file entry.pdb (PDB, C-alpha atoms)
MODEL        1
ATOM      1  CA  MET A   1      -3.533 -22.675  -0.361  1.00  0.00           C
ATOM      2  CA  THR A   2      -5.945 -24.571   1.841  1.00  0.00           C
ATOM      3  CA  LEU A   3      -9.557 -23.559   2.179  1.00  0.00           C
ATOM      4  CA  PRO A   4      -9.291 -22.499   5.867  1.00  0.00           C
ATOM      5  CA  LEU A   5      -6.346 -20.246   4.941  1.00  0.00           C
ATOM      6  CA  GLU A   6      -8.346 -18.655   2.099  1.00  0.00           C
ATOM      7  CA  SER A   7     -11.178 -18.045   4.544  1.00  0.00           C
ATOM      8  CA  MET A   8      -8.819 -16.423   7.047  1.00  0.00           C
ATOM      9  CA  TYR A   9      -7.339 -14.231   4.308  1.00  0.00           C
ATOM     10  CA  ARG A  10     -10.836 -13.206   3.207  1.00  0.00           C
ATOM     11  CA  GLU A  11     -11.599 -12.195   6.807  1.00  0.00           C
ATOM     12  CA  ILE A  12      -8.412 -10.084   7.006  1.00  0.00           C
ATOM     13  CA  ILE A  13      -9.362  -8.256   3.797  1.00  0.00           C
ATOM     14  CA  LEU A  14     -12.933  -7.645   4.985  1.00  0.00           C
ATOM     15  CA  ASP A  15     -11.720  -6.422   8.370  1.00  0.00           C
ATOM     16  CA  HIS A  16      -9.389  -3.863   6.758  1.00  0.00           C
ATOM     17  CA  TYR A  17     -12.189  -2.804   4.410  1.00  0.00           C
ATOM     18  CA  LYS A  18     -14.627  -2.277   7.286  1.00  0.00           C
ATOM     19  CA  HIS A  19     -12.053  -0.798   9.708  1.00  0.00           C
ATOM     20  CA  PRO A  20      -9.398   0.918   7.572  1.00  0.00           C
ATOM     21  CA  GLN A  21      -6.126   2.079   9.101  1.00  0.00           C
ATOM     22  CA  HIS A  22      -4.879   5.631   8.540  1.00  0.00           C
ATOM     23  CA  ARG A  23      -8.027   6.658   6.655  1.00  0.00           C
ATOM     24  CA  GLY A  24      -8.292  10.435   6.572  1.00  0.00           C
ATOM     25  CA  LEU A  25      -6.072  13.063   5.027  1.00  0.00           C
ATOM     26  CA  PRO A  26      -3.523  14.709   7.347  1.00  0.00           C
ATOM     27  CA  VAL A  27      -3.413  18.503   7.333  1.00  0.00           C
ATOM     28  CA  GLU A  28       0.395  18.626   7.310  1.00  0.00           C
ATOM     29  CA  PHE A  29       2.001  16.761   4.421  1.00  0.00           C
ATOM     30  CA  ASP A  30       4.931  16.890   2.011  1.00  0.00           C
ATOM     31  CA  ALA A  31       3.197  15.342  -0.974  1.00  0.00           C
ATOM     32  CA  GLU A  32      -0.290  14.452  -2.146  1.00  0.00           C
ATOM     33  CA  VAL A  33      -1.100  12.107  -5.013  1.00  0.00           C
ATOM     34  CA  HIS A  34      -4.333  10.909  -6.568  1.00  0.00           C
ATOM     35  CA  HIS A  35      -4.377   7.546  -8.344  1.00  0.00           C
ATOM     36  CA  VAL A  36      -7.218   5.994 -10.295  1.00  0.00           C
ATOM     37  CA  ASN A  37      -7.594   2.472 -11.615  1.00  0.00           C
ATOM     38  CA  PRO A  38      -9.190   3.196 -15.008  1.00  0.00           C
ATOM     39  CA  THR A  39     -10.240  -0.440 -15.376  1.00  0.00           C
ATOM     40  CA  CYS A  40     -12.756  -0.346 -12.541  1.00  0.00           C
ATOM     41  CA  GLY A  41     -12.868   3.241 -11.283  1.00  0.00           C
ATOM     42  CA  ASP A  42     -11.224   2.632  -7.889  1.00  0.00           C
ATOM     43  CA  GLU A  43      -9.410   5.703  -6.650  1.00  0.00           C
ATOM     44  CA  VAL A  44      -7.253   6.852  -3.784  1.00  0.00           C
ATOM     45  CA  THR A  45      -5.891  10.204  -2.638  1.00  0.00           C
ATOM     46  CA  LEU A  46      -2.865   9.803  -0.404  1.00  0.00           C
ATOM     47  CA  ARG A  47      -0.849  12.322   1.596  1.00  0.00           C
ATOM     48  CA  VAL A  48       2.538  11.625   3.109  1.00  0.00           C
ATOM     49  CA  ARG A  49       4.885  13.496   5.429  1.00  0.00           C
ATOM     50  CA  VAL A  50       8.502  12.386   5.502  1.00  0.00           C
ATOM     51  CA  ALA A  51      10.582  13.275   8.564  1.00  0.00           C
ATOM     52  CA  ALA A  52      14.072  14.743   8.333  1.00  0.00           C
ATOM     53  CA  ASP A  53      15.513  11.315   9.192  1.00  0.00           C
ATOM     54  CA  GLY A  54      13.841   9.785   6.122  1.00  0.00           C
ATOM     55  CA  THR A  55      11.028   7.941   7.874  1.00  0.00           C
ATOM     56  CA  ILE A  56       7.391   8.147   6.862  1.00  0.00           C
ATOM     57  CA  ALA A  57       6.184  10.269   9.751  1.00  0.00           C
ATOM     58  CA  ASP A  58       2.551  10.362   8.651  1.00  0.00           C
ATOM     59  CA  LEU A  59       0.472   8.862   5.887  1.00  0.00           C
ATOM     60  CA  GLY A  60      -3.244   9.212   5.377  1.00  0.00           C
ATOM     61  CA  TRP A  61      -5.632   8.452   2.578  1.00  0.00           C
ATOM     62  CA  GLU A  62      -9.175   8.655   1.297  1.00  0.00           C
ATOM     63  CA  GLY A  63     -10.564   6.415  -1.366  1.00  0.00           C
ATOM     64  CA  GLU A  64     -13.459   4.803  -3.108  1.00  0.00           C
ATOM     65  CA  GLY A  65     -13.688   1.413  -4.697  1.00  0.00           C
ATOM     66  CA  CYS A  66     -13.810  -2.295  -4.130  1.00  0.00           C
ATOM     67  CA  SER A  67     -12.921  -4.038  -0.902  1.00  0.00           C
ATOM     68  CA  ILE A  68      -9.591  -5.189  -2.370  1.00  0.00           C
ATOM     69  CA  SER A  69      -8.306  -1.703  -3.246  1.00  0.00           C
ATOM     70  CA  GLN A  70      -9.460  -0.131  -0.002  1.00  0.00           C
ATOM     71  CA  ALA A  71      -8.280  -2.976   2.244  1.00  0.00           C
ATOM     72  CA  SER A  72      -4.910  -3.171   0.504  1.00  0.00           C
ATOM     73  CA  THR A  73      -4.393   0.573   1.004  1.00  0.00           C
ATOM     74  CA  SER A  74      -5.279   0.133   4.679  1.00  0.00           C
ATOM     75  CA  VAL A  75      -2.777  -2.711   5.073  1.00  0.00           C
ATOM     76  CA  MET A  76      -0.068  -0.727   3.265  1.00  0.00           C
ATOM     77  CA  SER A  77      -0.616   2.362   5.402  1.00  0.00           C
ATOM     78  CA  GLY A  78      -0.238   0.367   8.597  1.00  0.00           C
ATOM     79  CA  LEU A  79       2.898  -1.352   7.346  1.00  0.00           C
ATOM     80  CA  VAL A  80       4.825   1.685   6.118  1.00  0.00           C
ATOM     81  CA  THR A  81       3.918   4.455   8.576  1.00  0.00           C
ATOM     82  CA  GLY A  82       6.895   4.982  10.873  1.00  0.00           C
ATOM     83  CA  LYS A  83       9.290   3.076   8.619  1.00  0.00           C
ATOM     84  CA  PRO A  84      12.231   4.521   6.692  1.00  0.00           C
ATOM     85  CA  VAL A  85      11.247   5.357   3.098  1.00  0.00           C
ATOM     86  CA  LYS A  86      13.843   2.850   1.879  1.00  0.00           C
ATOM     87  CA  ASP A  87      12.150   0.048   3.845  1.00  0.00           C
ATOM     88  CA  ALA A  88       8.674   1.143   2.725  1.00  0.00           C
ATOM     89  CA  LEU A  89       9.777   1.013  -0.911  1.00  0.00           C
ATOM     90  CA  ALA A  90      11.318  -2.430  -0.362  1.00  0.00           C
ATOM     91  CA  LEU A  91       7.970  -3.602   1.052  1.00  0.00           C
ATOM     92  CA  GLN A  92       6.211  -2.145  -1.984  1.00  0.00           C
ATOM     93  CA  GLU A  93       8.550  -4.090  -4.278  1.00  0.00           C
ATOM     94  CA  ARG A  94       7.959  -7.287  -2.309  1.00  0.00           C
ATOM     95  CA  PHE A  95       4.178  -6.782  -2.489  1.00  0.00           C
ATOM     96  CA  LEU A  96       4.456  -6.131  -6.242  1.00  0.00           C
ATOM     97  CA  GLU A  97       6.327  -9.442  -6.635  1.00  0.00           C
ATOM     98  CA  LEU A  98       3.573 -11.183  -4.671  1.00  0.00           C
ATOM     99  CA  MET A  99       0.908  -9.639  -6.906  1.00  0.00           C
ATOM    100  CA  GLN A 100       2.783 -10.709 -10.038  1.00  0.00           C
ATOM    101  CA  SER A 101       3.073 -14.325  -8.843  1.00  0.00           C
ATOM    102  CA  ARG A 102      -0.287 -15.402 -10.336  1.00  0.00           C
ATOM    103  CA  GLY A 103      -0.964 -17.416  -7.204  1.00  0.00           C
ATOM    104  CA  GLU A 104       2.328 -19.304  -7.426  1.00  0.00           C
ATOM    105  CA  ALA A 105       4.160 -17.438  -4.654  1.00  0.00           C
ATOM    106  CA  GLU A 106       5.935 -19.608  -2.140  1.00  0.00           C
ATOM    107  CA  LEU A 107       5.816 -17.504   0.995  1.00  0.00           C
ATOM    108  CA  SER A 108       8.380 -18.168   3.680  1.00  0.00           C
ATOM    109  CA  ASP A 109       7.893 -17.367   7.353  1.00  0.00           C
ATOM    110  CA  ALA A 110      10.174 -14.356   6.780  1.00  0.00           C
ATOM    111  CA  ASP A 111       7.889 -13.135   3.966  1.00  0.00           C
ATOM    112  CA  GLU A 112       4.865 -13.489   6.218  1.00  0.00           C
ATOM    113  CA  ASP A 113       6.640 -11.637   9.035  1.00  0.00           C
ATOM    114  CA  GLU A 114       7.631  -8.839   6.673  1.00  0.00           C
ATOM    115  CA  LEU A 115       4.340  -8.488   4.786  1.00  0.00           C
ATOM    116  CA  GLU A 116       2.053  -9.224   7.758  1.00  0.00           C
ATOM    117  CA  ASP A 117      -1.604  -8.803   6.665  1.00  0.00           C
ATOM    118  CA  ALA A 118      -0.500  -8.091   3.074  1.00  0.00           C
ATOM    119  CA  VAL A 119      -0.048 -11.849   2.563  1.00  0.00           C
ATOM    120  CA  ALA A 120      -3.850 -12.058   2.578  1.00  0.00           C
ATOM    121  CA  PHE A 121      -3.792 -10.659  -0.962  1.00  0.00           C
ATOM    122  CA  GLU A 122      -1.794 -13.595  -2.326  1.00  0.00           C
ATOM    123  CA  GLY A 123      -4.990 -15.142  -3.687  1.00  0.00           C
ATOM    124  CA  VAL A 124      -5.779 -11.923  -5.556  1.00  0.00           C
ATOM    125  CA  SER A 125      -2.675 -12.497  -7.692  1.00  0.00           C
ATOM    126  CA  LYS A 126      -4.561 -15.321  -9.468  1.00  0.00           C
ATOM    127  CA  TYR A 127      -6.915 -12.725 -10.970  1.00  0.00           C
ATOM    128  CA  PRO A 128      -5.032 -10.253 -13.197  1.00  0.00           C
ATOM    129  CA  ALA A 129      -7.995  -7.874 -13.351  1.00  0.00           C
ATOM    130  CA  ARG A 130      -7.895  -7.526  -9.545  1.00  0.00           C
ATOM    131  CA  VAL A 131      -4.132  -7.097  -9.200  1.00  0.00           C
ATOM    132  CA  LYS A 132      -4.398  -3.406 -10.144  1.00  0.00           C
ATOM    133  CA  CYS A 133      -6.968  -2.985  -7.376  1.00  0.00           C
ATOM    134  CA  ALA A 134      -4.578  -4.438  -4.795  1.00  0.00           C
ATOM    135  CA  LEU A 135      -1.664  -2.324  -6.061  1.00  0.00           C
ATOM    136  CA  LEU A 136      -3.492   1.030  -6.196  1.00  0.00           C
ATOM    137  CA  GLY A 137      -2.574   2.321  -2.722  1.00  0.00           C
ATOM    138  CA  TRP A 138       0.939   0.859  -2.855  1.00  0.00           C
ATOM    139  CA  MET A 139       1.691   2.668  -6.131  1.00  0.00           C
ATOM    140  CA  ALA A 140       0.242   5.885  -4.707  1.00  0.00           C
ATOM    141  CA  MET A 141       2.565   5.589  -1.692  1.00  0.00           C
ATOM    142  CA  LYS A 142       5.533   5.039  -3.999  1.00  0.00           C
ATOM    143  CA  SER A 143       4.622   8.154  -6.014  1.00  0.00           C
ATOM    144  CA  ALA A 144       4.032  10.246  -2.908  1.00  0.00           C
ATOM    145  CA  VAL A 145       7.371   9.462  -1.261  1.00  0.00           C
ATOM    146  CA  ALA A 146       9.128  10.102  -4.581  1.00  0.00           C
ATOM    147  CA  GLU A 147       7.387  13.478  -4.855  1.00  0.00           C
ATOM    148  CA  ALA A 148       8.260  14.303  -1.236  1.00  0.00           C
ATOM    149  CA  GLY A 149      11.893  13.403  -1.950  1.00  0.00           C
ATOM    150  CA  GLU A 150      11.974  15.665  -5.011  1.00  0.00           C
ATOM    151  CA  ARG A 151      10.632  18.576  -2.954  1.00  0.00           C
ATOM    152  CA  ASP A 152      13.290  17.968  -0.282  1.00  0.00           C
ATOM    153  CA  ALA A 153      16.001  17.975  -2.965  1.00  0.00           C
ATOM    154  CA  ASP A 154      14.645  21.226  -4.443  1.00  0.00           C
ATOM    155  CA  GLU A 155      14.582  22.863  -1.008  1.00  0.00           C
ATOM    156  CA  LEU A 156      18.159  21.734  -0.364  1.00  0.00           C
ATOM    157  CA  LYS A 157      19.294  23.230  -3.685  1.00  0.00           C
ATOM    158  CA  GLU A 158      17.627  26.550  -2.770  1.00  0.00           C
ATOM    159  CA  THR A 159      19.292  26.556   0.655  1.00  0.00           C
ATOM    160  CA  ILE A 160      22.740  25.780  -0.741  1.00  0.00           C
ATOM    161  CA  GLY A 161      22.419  28.411  -3.376  1.00  0.00           C
TER     162      GLY A 161
ENDMDL
END
call {"tool": "encode", "arguments": {"input": "entry.pdb", "output": "structure tokens"}}
result
Amino acid sequence: MTLPLESMYREIILDHYKHPQHRGLPVEFDAEVHHVNPTCGDEVTLRVRVAADGTIADLGWEGEGCSISQASTSVMSGLVTGKPVKDALALQERFLELMQSRGEAELSDADEDELEDAVAFEGVSKYPARVKCALLGWMAMKSAVAEAGERDADELKETIG
């Protein structure tokens, strides 16, 4: 990665930290999760509402911690809100792969189009202690949509009999 690119990525992370997307907990939600990174104390509470068609209709969060955890949660929330759960989970898997690359990821134009601002965290993957920070919000989203899906399945079972 060239120095100007690192600088641009740093600016993206700082911008999301200072001006987070979807910060605030929605009143109507299907699932709420609270995740903590025990290594550093970062935490996030995330609420999600999944529409009948399987899209993430609303997602909001509150959190405390380093710029990486808070900015990454902001980026994730902007990327997955309005997307089908299946696509949001595919993005989460792709971001996880990026974070596990230890700075060796070879990002294609398609990756950059798909991950948008999340590519700014590629440099974080070089620092294993910070990877958990970057993944905190993404793992919370994954848990929340799974919990929302379980509730939908339980409600369906009750309706059917």
call {"tool": "resolve_selection", "arguments": {"input": "entry.pdb", "expression": "the PyMOL selection byres ((chain A and resi 133-144) around 6)", "output": "CSV table (one decimal) with C-alpha atoms, in the coordinates of the input"}}
result
chain,number,residue,atom,x,y,z
A,31,ALA,CA,3.2,15.3,-1.0
A,33,VAL,CA,-1.1,12.1,-5.0
A,68,ILE,CA,-9.6,-5.2,-2.4
A,69,SER,CA,-8.3,-1.7,-3.2
A,72,SER,CA,-4.9,-3.2,0.5
A,73,THR,CA,-4.4,0.6,1.0
A,130,ARG,CA,-7.9,-7.5,-9.5
A,131,VAL,CA,-4.1,-7.1,-9.2
A,132,LYS,CA,-4.4,-3.4,-10.1
A,145,VAL,CA,7.4,9.5,-1.3
A,146,ALA,CA,9.1,10.1,-4.6
A,147,GLU,CA,7.4,13.5,-4.9
call {"tool": "residues_around", "arguments": {"input": "entry.pdb", "residues": "stretch 77-94 of chain A", "least_positions_apart": "5", "cutoff": "9 Å", "atoms": "all atoms listed in the file", "output": "list of chain:residue names"}}
result
A:Gln21, A:His22, A:Arg23, A:Val50, A:Asp53, A:Gly54, A:Thr55, A:Ile56, A:Ala57, A:Asp58, A:Leu59, A:Gly60, A:Trp61, A:Ser72, A:Met99, A:Asp111, A:Glu114, A:Leu115, A:Glu116, A:Asp117, A:Ala118, A:Leu135, A:Gly137, A:Trp138, A:Met139, A:Met141, A:Lys142, A:Val145
call {"tool": "axis_aligned_box", "arguments": {"input": "entry.pdb", "around": "stretch 13-32 of chain A", "padding_each_side": "4 Å", "output": "AutoDock Vina command-line options"}}
result
--center_x -4.8 --center_y 5.2 --center_z 3.8 --size_x 27.6 --size_y 34.9 --size_z 19.9
call {"tool": "atom_distance", "arguments": {"input": "entry.pdb", "atom1": "atom CA of A:Val44", "atom2": "atom CA of A:Tyr17"}}
result
13.6 Å
call {"tool": "atom_distance", "arguments": {"input": "entry.pdb", "atom1": "atom CA of A:Pro20", "atom2": "atom CA of A:Glu64"}}
result
12.1 Å
call {"tool": "atom_distance", "arguments": {"input": "entry.pdb", "atom1": "atom CA of A:Gln70", "atom2": "atom CA of A:Cys40"}}
result
13.0 Å
call {"tool": "decode", "arguments": {"input": "entry.pdb", "residues": "stretch 73-89 of chain A", "atoms": "N, CA, C and O atoms", "output": "short mmCIF file (atom, residue, chain, number, x, y, z; two decimals), in the first residue's frame"}}
result
data_model
loop_
_atom_site.label_atom_id
_atom_site.label_comp_id
_atom_site.auth_asym_id
_atom_site.auth_seq_id
_atom_site.Cartn_x
_atom_site.Cartn_y
_atom_site.Cartn_z
N THR A 73 -17.92 0.05 12.78
CA THR A 73 -19.35 -0.17 12.99
C THR A 73 -20.16 0.80 12.14
O THR A 73 -21.17 0.43 11.54
N SER A 74 -19.69 2.04 12.03
CA SER A 74 -20.35 3.03 11.19
C SER A 74 -20.35 2.60 9.73
O SER A 74 -21.39 2.62 9.06
N VAL A 75 -19.19 2.17 9.25
CA VAL A 75 -19.08 1.71 7.85
C VAL A 75 -20.01 0.54 7.62
O VAL A 75 -20.77 0.50 6.64
N MET A 76 -19.98 -0.44 8.53
CA MET A 76 -20.83 -1.63 8.39
C MET A 76 -22.30 -1.24 8.33
O MET A 76 -23.04 -1.72 7.47
N SER A 77 -22.72 -0.36 9.22
CA SER A 77 -24.14 0.00 9.27
C SER A 77 -24.59 0.65 7.96
O SER A 77 -25.70 0.37 7.48
N GLY A 78 -23.75 1.47 7.38
CA GLY A 78 -24.09 2.08 6.10
C GLY A 78 -24.14 1.09 4.96
O GLY A 78 -24.95 1.21 4.05
N LEU A 79 -23.27 0.08 5.03
CA LEU A 79 -23.21 -0.91 3.95
C LEU A 79 -24.38 -1.89 3.98
O LEU A 79 -24.85 -2.33 2.93
N VAL A 80 -24.84 -2.29 5.16
CA VAL A 80 -25.82 -3.38 5.22
C VAL A 80 -27.27 -2.92 5.34
O VAL A 80 -28.17 -3.68 5.00
N THR A 81 -27.51 -1.70 5.81
CA THR A 81 -28.89 -1.23 5.96
C THR A 81 -29.54 -1.14 4.58
O THR A 81 -28.99 -0.55 3.66
N GLY A 82 -30.68 -1.80 4.45
CA GLY A 82 -31.41 -1.84 3.18
C GLY A 82 -31.05 -3.02 2.31
O GLY A 82 -31.68 -3.25 1.28
N LYS A 83 -30.07 -3.80 2.71
CA LYS A 83 -29.66 -4.97 1.94
C LYS A 83 -30.34 -6.23 2.47
O LYS A 83 -30.68 -6.32 3.64
N PRO A 84 -30.52 -7.24 1.60
CA PRO A 84 -31.00 -8.53 2.09
C PRO A 84 -30.02 -9.10 3.12
O PRO A 84 -28.80 -8.90 3.00
N VAL A 85 -30.54 -9.78 4.13
CA VAL A 85 -29.70 -10.36 5.18
C VAL A 85 -28.61 -11.23 4.56
O VAL A 85 -27.45 -11.18 4.97
N LYS A 86 -28.97 -12.01 3.55
CA LYS A 86 -28.00 -12.88 2.89
C LYS A 86 -26.82 -12.08 2.36
O LYS A 86 -25.65 -12.47 2.52
N ASP A 87 -27.08 -10.95 1.73
CA ASP A 87 -26.01 -10.10 1.19
C ASP A 87 -25.20 -9.45 2.31
O ASP A 87 -23.98 -9.31 2.20
N ALA A 88 -25.88 -9.04 3.39
CA ALA A 88 -25.18 -8.45 4.53
C ALA A 88 -24.23 -9.46 5.16
O ALA A 88 -23.09 -9.11 5.52
N LEU A 89 -24.66 -10.70 5.27
CA LEU A 89 -23.80 -11.74 5.84
C LEU A 89 -22.64 -12.08 4.91
O LEU A 89 -21.53 -12.37 5.38
#
